[in-house]
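Colleague: Below is one structure. I have some questions about it.
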Amino acid sequence: MSTQIDRFVIRHVTGTKANQVEEFDYKKYSELSFGRGVANDLRFDPELDSTVSREHGKIVKVEGEIPTFKVVDNNSRNGIFVNKTRITGSAVLQPGDEIQLGQGGPVFQFDLNPRPIELMQSTRFVEMPGSFKATSEIKMPIPAPGSEVDDLSNIPVKVGLGKQTVERMMVTERKKSTRSIMLVAAVILVILSTIGYAFKDKIGTTTTVVVNRTPIIHNAVKPETGLSSEQIASANTSKVVFIEFGYKLIYTPTGDDIYHQYLPVKQWDGSIKNVPMYIEVEPGVVEPLLGLKKDVAVGQPIAMHGASGSGFVVSEQGHILTNRHVAAAWNSYYDFPADAFPGILLVQGAKGWDVSPQPVQEFRWVPSETKFFGKKPMSGKVIEGVNTYLDVTFNKNEQRFPATGKPIISPKHDVAMIKIDLVEPLSPVKLRDAGKDIASGQLVTVMGYPGISPDVFVGENSSDFANRNPQFVKVPDVTVTPGNIGKVIKGQNTGKAASYYSEFGDYYQLTVNATGAGNSGGPVFDKEGNVIGIFTASNSSRDATRVTFAVPISYGLELMGRRQVVD
């Protein structure tokens, strides 16, 4: 094979894990099991994902010169659907295929990274509703003159008209159409002349000139229709960028990697299972038990890789705005690996640290806000997150540009600014702090690179004498999604007693649903083509209702050192 596969990629589309991406080492896993049971590689919520069985099924890798994959149904109660078709027993699986666990159940996409050119997703036919039929030629019945017809379907149709007959019919119809158009035009001109004469004193300076029967109105106010999503996309596609990133947590005094400690525990059958350990740093507050890589016998690095997001150019010098959870992800909730729960909890007892009988279940933790290192509280900046890579790619371009320096992050919201160095100046987007002008119902357009969108690859022939192997490079292709402002959520109390604000935060709630993981950090445009927000998150319910959110651009303007760019 020309491409070495590194990871299995599972992109959750719907369900309790919607918009999450899970990755698994391709070499370590010959199959991926999924279900609600704790032993599965892909674990679903035991309470909310009710259509999923405990051991629902598995994805199996069949090794070969070109590997193949299949999904196997473990006799689940609600079955498995591949690309909306229910399977029986097992079915061949291609990268990009969608798997649904039970009718109406959670949906996830199976993929590989990088995806080999030999396993590019095949083109599928678009499903049409069953009530539609193929278009057929209409044959009109011709009843006899003066007859009463009740059932037209029983009257034979005359076919095979001669050429001259058809020509006479076309000429006759053309003459009728010409006379009709001239008559209508004459009537319209008479009406317009009458109206103009009646209101000639009230029209003022506005004049109507008819040229080729097309009215041209001068000195009139242009209706505020704004720009279409297509026009906004055309003007800004080159300014919206694709961002790939990974990071790790390090011990600042030495630069060593920080690991989450696991404890080997002997099971009832004699096997050894590595169980993650956690520590209660204060009543009700739990963190992973951390240590240096060199000191941790068994564990997992506090790190992330293979993630992506979006951003947009805001200066000619190469400054780019995006989300904080893209540019400096250690300042946001950590995405624990699949084997991180349940875990062992250490609690402070009278004689030191004891093991709690209660296992640790899933919880939220922000790495940059860690209070303990090992079993001791930290003093000063002992740990820090660093990007292992932070690469920017422009639309339909294969060249990656690494971000330079440290990201500038907002202490208030999910916003960050990065910079790339290019020789040529860049064209920035237009920014507008909507402020009090923003209102529910206003039209918006979101641009970005959702991970659920099919990947695009380009084959490049090498001109390097030292490496003649062709390269297949993933090329980002921007997605444009129109919608509306659904609701303005105020996250700060202005100090007035009657002020409304939400503990959720300061956001614009959007009715923009054809988005997903990877859109984070993308621009939200108003109808005039100004960026008024930064796409940041989504929320969905069990009934598949989904809303999305954007951070007001005012938080990005603060990072740029100014509050407003465009009036």
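Labels used: A, B, ... for chains in the order of the structure tokens, numbers from 1 for residues in each chain, and numbers from 1 for ligands as shown.
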Show which residues sit within 9 Å of Asp391 in chain A, as a PDB file with N, CA and C atoms, in the first residue's frame. Count only C-alpha atoms, and ignore same-chain residues fewer than 3 positions away.
Modeller:
```pdb
ATOM      1  N   PHE A 242      -8.061  26.102   7.568  1.00  0.00           N
ATOM      2  CA  PHE A 242      -8.165  24.809   8.229  1.00  0.00           C
ATOM      3  C   PHE A 242      -6.998  24.689   9.202  1.00  0.00           C
ATOM      4  N   ILE A 243      -7.277  24.269  10.457  1.00  0.00           N
ATOM      5  CA  ILE A 243      -6.237  24.200  11.490  1.00  0.00           C
ATOM      6  C   ILE A 243      -6.153  22.772  12.018  1.00  0.00           C
ATOM      7  N   GLU A 244      -4.947  22.197  11.996  1.00  0.00           N
ATOM      8  CA  GLU A 244      -4.690  20.878  12.579  1.00  0.00           C
ATOM      9  C   GLU A 244      -3.786  21.065  13.793  1.00  0.00           C
ATOM     10  N   PHE A 245      -4.078  20.322  14.863  1.00  0.00           N
ATOM     11  CA  PHE A 245      -3.309  20.562  16.084  1.00  0.00           C
ATOM     12  C   PHE A 245      -3.214  19.314  16.954  1.00  0.00           C
ATOM     13  N   ARG A 400       1.038  23.115   4.301  1.00  0.00           N
ATOM     14  CA  ARG A 400       0.794  23.428   5.710  1.00  0.00           C
ATOM     15  C   ARG A 400       1.744  24.531   6.166  1.00  0.00           C
ATOM     16  N   PHE A 401       1.200  25.524   6.902  1.00  0.00           N
ATOM     17  CA  PHE A 401       2.012  26.612   7.449  1.00  0.00           C
ATOM     18  C   PHE A 401       1.957  26.538   8.969  1.00  0.00           C
ATOM     19  N   PRO A 402       3.071  26.256   9.646  1.00  0.00           N
ATOM     20  CA  PRO A 402       3.058  26.159  11.104  1.00  0.00           C
ATOM     21  C   PRO A 402       2.861  27.526  11.756  1.00  0.00           C
ATOM     22  N   ALA A 403       2.054  27.546  12.824  1.00  0.00           N
ATOM     23  CA  ALA A 403       1.877  28.776  13.589  1.00  0.00           C
ATOM     24  C   ALA A 403       3.159  29.076  14.354  1.00  0.00           C
ATOM     25  N   ILE A 420       0.755  33.131  11.527  1.00  0.00           N
ATOM     26  CA  ILE A 420       1.631  32.432  10.597  1.00  0.00           C
ATOM     27  C   ILE A 420       2.458  33.478   9.849  1.00  0.00           C
TER      28      ILE A 420
END
```
Colleague: Tell me, which residues of range 291-469 of chain A carry DSSP helix (DSSP H, G or I), written as a PyMOL selection string?
Modeller: chain A and resi 293-295+324-327+329-331+338-340+367-369+435-437
Colleague: Within 12 Å of range 43-46 of chain A, counting only C-alpha atoms, which residues show up once you throw out same-chain ones fewer than 2 positions away? Write them as JSON, numbers by chain, please.
Modeller: {"A": [10, 12, 14, 15, 16, 17, 18, 22, 32, 33, 34, 35, 36, 37, 38, 39, 40, 41, 48, 49, 50, 51, 52, 53, 54, 55, 56, 57, 58, 101, 105, 106, 107, 108, 337, 338, 339, 340, 341, 342, 361, 362, 542]}
Colleague: Pick out the closest residue to Pro523 in chain A from this set: A:Gly451, A:Gly246, A:Gly405, A:Gly309. Count only C-alpha atoms.
Modeller: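 Nearest to Pro523 in chain A: A:Gly309.
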Colleague: Given only C-alpha atoms as the basis, pick out the residue of A:Gln442, A:Gly518, A:Thr237, A:Ile485 nearest to Lys396 in chain A.
Modeller: A:Thr237
Colleague: Need the shell around Gly441 in chain A: protein/DNA/RNA residues with any atom at most 8 Å away, counting only C-alpha atoms. Skip same-chain ones fewer than 2 positions apart. Format as a PDB file with C-alpha atoms, in the first residue's frame?
Modeller:
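File result_29.pdb, as written:
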```
ATOM      1  CA  ALA A 439     -31.350  40.200  17.404  1.00  0.00           C
ATOM      2  CA  LEU A 443     -29.553  35.923   8.828  1.00  0.00           C
ATOM      3  CA  ASN A 484     -30.239  32.499  11.631  1.00  0.00           C
ATOM      4  CA  ILE A 485     -29.591  33.922  15.065  1.00  0.00           C
ATOM      5  CA  GLY A 486     -31.908  31.769  17.177  1.00  0.00           C
ATOM      6  CA  LYS A 487     -31.396  33.581  20.479  1.00  0.00           C
TER       7      LYS A 487
END
```
Colleague: Can you tell me, as a PyMOL selection string, which residues in range 265-474 of chain A count as strand (DSSP E) by DSSP?
Modeller: chain A and resi 265-266+272-282+285-288+290-292+299-301+303-313+319-322+344-349+352-355+372-373+376-377+383-394+401-402+408-409+416-419+430-431+443-448+456-460+471-474
Colleague: So the first atom is CA of Ser520 in chain A and the second is CA of Val475 in chain A; what is the distance between them in Å, to one decimal place?
Modeller: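 Going from CA of Ser520 in chain A over to CA of Val475 in chain A covers 18.0 Å.
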Colleague: When you look at range 77-88 of chain A with a cut-off of 6 Å (counting only C-alpha atoms), what residues show up, excluding the ones that are within fewer than 5 positions of it in the same chain? I need them as an mmCIF file with C-alpha atoms, in the first residue's frame.
Modeller:
```
data_model
loop_
_atom_site.group_PDB
_atom_site.id
_atom_site.type_symbol
_atom_site.label_atom_id
_atom_site.label_comp_id
_atom_site.auth_asym_id
_atom_site.auth_seq_id
_atom_site.Cartn_x
_atom_site.Cartn_y
_atom_site.Cartn_z
ATOM 1 C CA GLU A 98 -22.029 5.752 8.677
ATOM 2 C CA ILE A 99 -23.162 3.178 11.244
ATOM 3 C CA GLN A 100 -26.405 3.562 13.210
ATOM 4 C CA LEU A 101 -27.124 1.430 16.269
ATOM 5 C CA GLY A 102 -30.833 0.698 16.105
#
```
Colleague: Could you tell me how far CA of Pro301 in chain A lies from CA of Leu249 in chain A, in Å and to one decimal?
Modeller: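 The value is 7.9 Å.
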Colleague: One number please: CA of Ile532 in chain A to CA of Leu431 in chain A, in Å, one decimal.
Modeller: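 Computing the Euclidean distance for CA of Ile532 in chain A and CA of Leu431 in chain A yields 6.4 Å.
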Colleague: Compare A:Ile438, A:Val240, A:Ile66, A:Val13 by their minimum atom-to-atom distance to Ala514 in chain A, counting only C-alpha atoms, and give me the closest one.
Modeller: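 Selected residue with least distance to Ala514 in chain A: A:Val13.
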